[in-house]
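Colleague: I'm passing along final26.txt; it holds compact mmCIF, C-alpha atoms.
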# COMPACT_ATOMS: atom_id res chain seq x y z
CA MET A 1 116.50 112.53 72.29
CA SER A 2 115.06 114.07 75.41
CA VAL A 3 113.52 113.43 78.80
CA GLN A 4 111.21 115.73 80.73
CA VAL A 5 111.45 116.61 84.39
CA LYS A 6 108.02 117.57 85.63
CA ASN A 7 106.71 118.77 88.95
CA ASN A 8 103.55 116.89 89.87
CA LEU A 9 103.38 118.51 93.30
CA ARG A 10 100.83 121.04 92.05
CA TYR A 11 99.87 122.51 95.40
CA ILE A 12 103.48 123.16 96.39
CA HIS A 13 104.25 124.50 92.93
CA ALA A 14 101.32 126.93 93.18
CA LEU A 15 102.68 128.23 96.50
CA TYR A 16 106.37 128.43 95.55
CA PRO A 17 106.67 128.36 91.74
CA ASP A 18 110.11 129.99 91.64
CA ALA A 19 111.58 127.59 94.18
CA THR A 20 110.22 124.46 92.49
CA ASP A 21 111.23 125.68 89.03
CA ALA A 22 114.75 126.35 90.32
CA ALA A 23 114.85 122.81 91.77
CA LEU A 24 113.64 121.26 88.51
CA PHE A 25 116.23 123.20 86.54
CA ARG A 26 118.99 122.11 88.91
CA ALA A 27 117.84 118.47 88.72
CA GLY A 28 117.80 118.80 84.92
CA GLY A 29 121.37 120.08 85.08
CA PHE A 30 122.41 117.06 87.15
CA ILE A 31 120.73 114.70 84.64
CA LYS A 32 122.53 116.45 81.78
CA GLU A 33 125.85 116.25 83.63
CA LEU A 34 125.51 112.55 84.44
CA GLY A 35 124.24 111.82 80.93
CA SER A 36 127.35 113.53 79.52
CA GLN A 37 129.56 111.35 81.70
CA LEU A 38 127.77 108.16 80.64
CA ALA A 39 127.68 109.01 76.90
CA PRO A 40 130.36 107.20 74.89
CA VAL A 41 132.93 109.21 72.96
CA SER A 42 133.84 108.30 69.41
CA GLU A 43 137.38 108.95 68.18
CA GLU A 44 136.05 109.41 64.64
CA ASP A 45 133.66 112.28 65.31
CA ARG A 46 134.63 115.84 66.09
CA GLU A 47 131.29 116.71 67.63
CA HIS A 48 130.66 114.53 70.62
CA LEU A 49 127.36 113.31 72.01
CA LYS A 50 128.55 114.12 75.52
CA ASP A 51 128.85 117.81 74.58
CA SER A 52 125.42 118.03 72.97
CA GLY A 53 123.27 118.11 76.12
CA LYS A 54 120.89 120.98 76.81
CA VAL A 55 118.52 121.85 79.68
CA GLU A 56 115.52 124.04 78.87
CA GLN A 57 112.58 125.24 80.86
CA LYS A 58 109.67 124.47 78.52
CA GLU A 59 107.02 125.97 80.78
CA ARG A 60 106.44 126.52 84.50
CA GLY A 61 106.92 123.18 86.25
CA LEU A 62 108.41 121.48 83.19
CA VAL A 63 112.10 121.17 82.28
CA GLU A 64 113.45 119.22 79.29
CA VAL A 65 116.89 117.61 79.08
CA SER A 66 117.92 116.81 75.52
CA PHE A 67 120.96 115.36 73.78
CA GLY A 68 121.95 115.35 70.13
CA ASN A 69 121.48 119.11 69.68
CA ASP A 70 123.39 120.35 66.60
CA LEU A 71 124.78 116.90 65.84
CA PRO A 72 124.73 115.93 62.15
CA ASP A 73 123.19 112.48 62.73
CA GLY A 74 120.77 110.53 64.91
CA ARG A 75 123.36 109.11 67.27
CA ALA A 76 121.63 110.46 70.38
CA ILE A 77 118.79 107.97 69.88
CA HIS A 78 120.95 105.25 68.27
CA VAL A 79 123.33 105.20 71.23
CA GLU A 80 120.53 105.16 73.80
CA PHE A 81 118.56 102.31 72.21
CA GLY A 82 120.99 100.59 69.79
CA THR A 83 120.58 99.81 66.09
CA SER A 84 120.33 96.61 64.07
CA VAL A 85 124.13 96.49 63.91
CA SER A 86 125.36 98.25 67.04
CA PRO A 87 124.64 97.70 70.72
CA ALA A 88 122.90 100.27 72.88
CA GLN A 89 124.83 102.25 75.45
CA PRO A 90 122.06 103.92 77.44
CA TYR A 91 123.18 107.22 78.94
CA LEU A 92 120.10 109.41 79.37
CA GLY A 93 117.65 106.90 80.88
CA PRO A 94 120.10 105.76 83.60
CA ALA A 95 120.98 109.41 84.33
CA MET A 96 117.27 110.24 84.69
CA ASN A 97 116.77 107.28 87.06
CA ALA A 98 119.79 108.19 89.18
CA ILE A 99 118.77 111.76 89.99
CA ASP A 100 116.24 112.24 92.78
CA VAL A 101 114.13 115.16 91.55
CA THR A 102 111.90 115.14 94.63
CA LEU A 103 114.95 115.52 96.86
CA GLU A 104 116.04 118.59 94.87
CA ILE A 105 112.57 120.12 95.31
CA ALA A 106 112.67 119.36 99.04
CA LYS A 107 116.11 121.03 99.37
CA GLU A 108 114.95 124.12 97.52
CA LEU A 109 111.77 124.40 99.62
CA LYS A 110 113.79 124.03 102.81
CA ARG A 111 116.04 126.88 101.66
CA LYS A 112 112.98 128.98 100.84
CA LEU A 113 111.35 128.31 104.22
CA GLN A 114 114.58 129.19 106.04
CA THR A 115 114.61 132.53 104.22
CA LEU A 116 111.04 133.20 105.33
CA GLN A 117 111.92 132.30 108.93
CA VAL A 118 114.73 134.88 109.06
CA ARG A 119 112.32 137.63 108.08
CA MET B 1 116.27 81.26 103.64
CA ALA B 2 120.00 81.88 103.24
CA TYR B 3 120.91 85.18 101.69
CA ASP B 4 122.95 84.68 98.51
CA GLU B 5 125.78 87.23 98.39
CA SER B 6 126.45 86.49 94.71
CA PHE B 7 122.81 86.82 93.64
CA GLN B 8 123.18 90.18 91.87
CA ALA B 9 126.05 88.81 89.78
CA LYS B 10 123.83 85.93 88.66
CA VAL B 11 120.85 88.06 87.62
CA PHE B 12 121.76 88.40 83.96
CA THR B 13 122.66 84.71 83.67
CA VAL B 14 119.19 83.90 85.00
CA LEU B 15 117.61 86.30 82.51
CA VAL B 16 119.58 84.95 79.54
CA ASP B 17 118.62 81.35 80.44
CA ALA B 18 114.94 82.23 80.82
CA PHE B 19 114.86 84.27 77.60
CA GLU B 20 116.52 81.41 75.69
CA ASP B 21 114.00 78.86 76.95
CA TYR B 22 110.76 80.85 76.82
CA LEU B 23 111.13 83.81 74.47
CA ALA B 24 113.66 82.84 71.79
CA PRO B 25 111.25 80.34 70.10
CA VAL B 26 109.18 83.36 68.97
CA TYR B 27 112.14 84.27 66.75
CA ASP B 28 113.16 80.68 65.89
CA GLY B 29 116.05 81.06 68.30
CA ARG B 30 117.33 84.36 66.91
CA MET B 31 117.30 86.29 70.18
CA TYR B 32 120.52 88.01 71.21
CA ALA B 33 121.88 89.96 74.14
CA PHE B 34 123.16 93.48 73.29
CA VAL B 35 123.81 93.02 69.56
CA ALA B 36 122.84 90.56 66.82
CA PRO B 37 125.38 88.93 64.50
CA GLY B 38 125.29 90.88 61.24
CA THR B 39 124.72 87.71 59.25
CA SER B 40 121.66 86.53 61.18
CA PRO B 41 118.42 86.58 59.15
CA TYR B 42 115.29 88.56 60.03
CA PRO B 43 113.22 88.66 62.12
CA LYS B 44 115.44 88.76 65.15
CA CYS B 45 115.33 90.21 68.62
CA VAL B 46 117.97 92.05 70.60
CA TYR B 47 117.56 92.80 74.29
CA GLN B 48 119.49 94.97 76.68
CA SER B 49 119.23 96.58 80.08
CA GLN B 50 117.74 100.03 79.56
CA ASP B 51 118.20 101.38 83.07
CA GLY B 52 121.88 100.83 83.71
CA GLY B 53 121.60 97.28 85.07
CA GLY B 54 118.50 97.54 87.25
CA ARG B 55 118.53 97.59 91.03
CA GLU B 56 118.65 95.30 93.99
CA ASN B 57 115.11 94.62 95.23
CA ASP B 58 115.74 92.52 98.36
CA THR B 59 113.11 91.78 100.94
CA ILE B 60 114.06 90.76 104.50
CA GLY B 61 116.56 87.93 104.21
CA ALA B 62 115.69 87.23 100.57
CA ASN B 63 117.37 88.20 97.32
CA GLY B 64 115.58 90.26 94.73
CA TRP B 65 116.24 92.34 91.62
CA ARG B 66 114.16 94.65 89.46
CA GLY B 67 115.10 96.25 86.16
CA THR B 68 113.94 97.37 82.75
CA ILE B 69 114.86 95.33 79.70
CA LEU B 70 114.24 96.70 76.22
CA PHE B 71 113.39 94.03 73.62
CA ARG B 72 113.96 95.28 70.07
CA THR B 73 112.37 93.29 67.25
CA ILE B 74 114.21 93.86 63.97
CA HIS B 75 112.42 92.97 60.74
CA THR B 76 112.18 93.87 57.08
CA THR B 77 108.64 95.22 57.48
CA LEU B 78 107.12 97.45 60.14
CA SER B 79 104.02 95.27 60.48
CA GLY B 80 106.25 92.20 60.83
CA ALA B 81 108.22 93.87 63.62
CA MET B 82 105.04 94.97 65.40
CA ASN B 83 103.38 91.54 65.08
CA LYS B 84 106.45 89.75 66.42
CA THR B 85 106.47 92.19 69.35
CA ILE B 86 102.86 91.24 70.09
CA GLU B 87 103.82 87.54 69.96
CA LEU B 88 106.67 88.26 72.35
CA SER B 89 104.43 90.13 74.78
CA ASN B 90 102.01 87.17 74.74
CA VAL B 91 104.69 84.74 75.95
CA LEU B 92 106.31 87.11 78.48
CA PRO B 93 103.98 85.97 81.32
CA THR B 94 105.24 82.38 80.82
CA LEU B 95 108.83 83.38 81.66
CA ALA B 96 110.19 81.08 84.36
CA HIS B 97 113.34 79.60 85.89
CA ALA B 98 113.87 76.52 88.05
CA ASN B 99 115.50 78.35 90.98
CA TYR B 100 114.01 81.83 90.69
CA SER B 101 110.57 83.35 90.36
CA LEU B 102 110.20 85.93 87.61
CA SER B 103 107.46 88.43 86.94
CA THR B 104 107.08 90.83 84.03
CA ARG B 105 105.16 93.99 83.28
CA VAL B 106 105.19 95.58 79.85
CA ARG B 107 105.90 99.26 80.36
CA ASN B 108 105.69 100.96 76.98
CA PRO B 109 106.20 100.48 73.23
CA PHE B 110 109.28 101.94 71.53
CA PRO B 111 109.03 102.63 67.81
CA LEU B 112 112.63 103.20 66.71
CA PRO B 113 114.08 104.85 63.59
CA VAL B 114 114.07 103.00 60.27
CA GLU B 115 117.55 102.04 59.08
CA LYS B 116 118.82 101.66 55.54
CA ILE B 117 121.09 98.64 55.19
CA ASN B 118 122.33 97.68 51.69
CA ASN B 119 119.54 99.86 50.24
CA GLU B 120 116.91 97.86 52.17
CA SER B 121 114.78 99.33 54.94
CA VAL B 122 115.09 97.65 58.32
CA TYR B 123 112.37 98.30 60.89
CA THR B 124 112.76 98.09 64.63
CA PHE B 125 109.95 98.01 67.14
CA GLY B 126 110.69 97.67 70.82
CA ILE B 127 108.95 97.14 74.12
CA ALA B 128 110.31 98.04 77.52
CA VAL B 129 109.54 95.38 80.10
CA GLU B 130 109.99 95.70 83.82
CA ILE B 131 111.19 92.37 85.21
CA GLU B 132 111.45 91.24 88.82
CA ILE B 133 113.43 88.24 90.01
CA HIS B 134 113.29 86.66 93.45
CA LYS B 135 115.23 83.65 94.58
CA ASN B 136 113.04 80.67 95.42
CA ASP B 137 113.24 78.86 98.76
CA PRO B 138 115.40 75.76 98.36
Can you turn what I pasted into structure tokens?

Modeller:
Amino acid sequence: MSVQVKNNLRYIHALYPDATDAALFRAGGFIKELGSQLAPVSEEDREHLKDSGKVEQKERGLVEVSFGNDLPDGRAIHVEFGTSVSPAQPYLGPAMNAIDVTLEIAKELKRKLQTLQVR
Amino acid sequence: MAYDESFQAKVFTVLVDAFEDYLAPVYDGRMYAFVAPGTSPYPKCVYQSQDGGGRENDTIGANGWRGTILFRTIHTTLSGAMNKTIELSNVLPTLAHANYSLSTRVRNPFPLPVEKINNESVYTFGIAVEIEIHKNDP
């Protein structure tokens, strides 16, 4: 179960690829963190969904946040969308909606521009 | 128009009423919020908020809400689940309520994993629908 954080600001990305990639990775980290907080915890399982989140840079301008890594079953998708017998408890979609990726890019660019100004 | 401070708390009541009246007939009434009773026969539909409850979508002085609802059609065959989902999407534009105006936009299909229940395969096919509600002028 994963979501992708992508930079569609191609012109800015071409100018400052490191800064925008750093912003995407940080936004991905925030999504993972919030997703972990929203994910339910079962008393029966030893490996918890909330601990199975991972942020990976798939390519320049593309970061993937995934849950369910190394879990023995499909609960990452079953919890997000529900099954025929259990209700959904969405954790990743709401986390993705709550984090403002553009704001993170803007913050990182501001930091980058301030560095250039000092020089 | 008077601003209704309790509007956001009423949103899901409005949705449930509208779904019961306009969408549930597609499933002969077997449409449920959050989870279906285990004993209910197929096909059936379960719906839930997929975006953490949606968001306030007020305009000046007027109440509004927008959110994503996932409708999951559960059936004993994949084609049955997909066909019922098409039927559902055909009646979505008719969704209405006496005191509120509703609009819908189908966002994307959601094929979900096949489940094995009592050695039988159960297929689920979903659609995410963005719904907007605005309170009508009295």

Colleague: Please check the contacts: residues of chain B at most 8 Å away from chain A, using only C-alpha atoms, listed as an MDAnalysis selection string.

Modeller: chainID B and resid 34:38 48 50:52 74 115 122 124

Colleague: What does the distance between atom CA of B:Lys116 and atom CA of B:Thr77 come to in Å, to one decimal place?

Modeller: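 Distance between the two atoms: 12.2 Å.
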
Colleague: What separation in Å, quoted to one decimal, exists between atom CA of A:Lys50 and atom CA of A:Glu33?

Modeller: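 About the pair atom CA of A:Lys50 and atom CA of A:Glu33: they are 8.8 Å apart.
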
Colleague: Can you pull out every residue within 12 Å of B:Asn108, counting all atoms listed in the file, but drop anything in the same chain fewer than 5 positions away, and send it as a list in words?

Modeller: Thr68, Ile69, Leu70, Phe71, Thr85, Ser89, Phe125, Gly126, Ile127, Ala128, Val129 and Glu130 of chain B

Colleague: Between atom CA of A:Pro17 and atom CA of A:Ile105, what is the distance in Å, rounded to a tenth?

Modeller: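 Separation between atom CA of A:Pro17 and atom CA of A:Ile105: 10.7 Å.
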
Colleague: Please list as an mmCIF file with C-alpha atoms, in the coordinates of the input every residue within 9 Å of B:Val91, counting only C-alpha atoms and excluding residues in the same chain fewer than 3 positions away.

Modeller:
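Once written, around_37.cif looks like this:
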data_model
loop_
_atom_site.group_PDB
_atom_site.id
_atom_site.type_symbol
_atom_site.label_atom_id
_atom_site.label_comp_id
_atom_site.auth_asym_id
_atom_site.auth_seq_id
_atom_site.Cartn_x
_atom_site.Cartn_y
_atom_site.Cartn_z
ATOM 1 C CA TYR B 22 110.760 80.850 76.820
ATOM 2 C CA LEU B 23 111.130 83.810 74.470
ATOM 3 C CA VAL B 26 109.180 83.360 68.970
ATOM 4 C CA ILE B 86 102.860 91.240 70.090
ATOM 5 C CA GLU B 87 103.820 87.540 69.960
ATOM 6 C CA LEU B 88 106.670 88.260 72.350
ATOM 7 C CA THR B 94 105.240 82.380 80.820
ATOM 8 C CA LEU B 95 108.830 83.380 81.660
#

Colleague: Can you tell me which residues surround A:Gly29 at a distance of at most 12 Å, considering only C-alpha atoms, apart from same-chain residues fewer than 6 positions away, and format the answer as a count of residues only?

Modeller: 20

Colleague: Mind checking which residues fall within 9 Å of B:Val16, counting only C-alpha atoms, ignoring those fewer than 5 positions away in the same chain, and posting them as an MDAnalysis selection string?

Modeller: chainID B and resid 11 21 32:33

Colleague: I'd like the neighbourhood of B:Val14 as a list in words, where a residue qualifies if any of its atoms comes within 9 Å (using all atoms listed in the file), though same-chain residues fewer than 3 positions away should be ignored.

Modeller: Lys10, Val11, Asp17, Ala18, Phe19, His97, Asn99, Tyr100 and Ile133 of chain B

Colleague: Select, from B:Thr39, B:Asn119, B:Ser79, B:Thr104, the residue with the minimum atom-to-atom distance to B:Leu92, counting all atoms listed in the file.

Modeller: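 Among B:Thr39, B:Asn119, B:Ser79, B:Thr104, it is B:Thr104 that comes nearest to B:Leu92.
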
Colleague: Any chance you could model N, CA, C and O atoms for stretch 111-124 of chain B and send them as a short mmCIF file (atom, residue, chain, number, x, y, z; two decimals), in the frame of the given file?

Modeller:
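Output file selection-v3.cif follows:
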data_model
loop_
_atom_site.label_atom_id
_atom_site.label_comp_id
_atom_site.auth_asym_id
_atom_site.auth_seq_id
_atom_site.Cartn_x
_atom_site.Cartn_y
_atom_site.Cartn_z
N PRO B 111 108.74 102.63 69.25
CA PRO B 111 109.03 102.63 67.81
C PRO B 111 110.37 103.31 67.58
O PRO B 111 110.60 104.41 68.08
N LEU B 112 111.27 102.65 66.89
CA LEU B 112 112.63 103.20 66.71
C LEU B 112 112.88 103.54 65.24
O LEU B 112 112.15 103.08 64.36
N PRO B 113 113.89 104.37 64.97
CA PRO B 113 114.08 104.85 63.59
C PRO B 113 114.32 103.72 62.59
O PRO B 113 114.91 102.70 62.92
N VAL B 114 113.85 103.96 61.36
CA VAL B 114 114.07 103.00 60.27
C VAL B 114 115.52 103.14 59.83
O VAL B 114 116.06 104.24 59.77
N GLU B 115 116.16 102.01 59.55
CA GLU B 115 117.55 102.04 59.08
C GLU B 115 117.61 101.58 57.63
O GLU B 115 116.79 100.78 57.20
N LYS B 116 118.59 102.10 56.92
CA LYS B 116 118.82 101.66 55.54
C LYS B 116 120.08 100.81 55.55
O LYS B 116 121.18 101.29 55.88
N ILE B 117 119.93 99.52 55.23
CA ILE B 117 121.09 98.64 55.19
C ILE B 117 121.12 97.98 53.81
O ILE B 117 120.17 97.30 53.43
N ASN B 118 122.20 98.18 53.07
CA ASN B 118 122.33 97.68 51.69
C ASN B 118 121.10 98.07 50.86
O ASN B 118 120.54 97.23 50.13
N ASN B 119 120.69 99.33 50.99
CA ASN B 119 119.54 99.86 50.24
C ASN B 119 118.20 99.23 50.63
O ASN B 119 117.21 99.40 49.93
N GLU B 120 118.16 98.46 51.69
CA GLU B 120 116.91 97.86 52.17
C GLU B 120 116.53 98.55 53.48
O GLU B 120 117.40 98.86 54.29
N SER B 121 115.24 98.75 53.68
CA SER B 121 114.78 99.33 54.94
C SER B 121 114.69 98.24 56.01
O SER B 121 114.20 97.14 55.73
N VAL B 122 115.17 98.57 57.19
CA VAL B 122 115.09 97.65 58.32
C VAL B 122 114.31 98.35 59.42
O VAL B 122 114.63 99.48 59.79
N TYR B 123 113.26 97.69 59.91
CA TYR B 123 112.37 98.30 60.89
C TYR B 123 112.61 97.69 62.27
O TYR B 123 112.81 96.48 62.39
N THR B 124 112.57 98.56 63.27
CA THR B 124 112.76 98.09 64.63
C THR B 124 111.61 98.58 65.50
O THR B 124 111.27 99.76 65.48
#
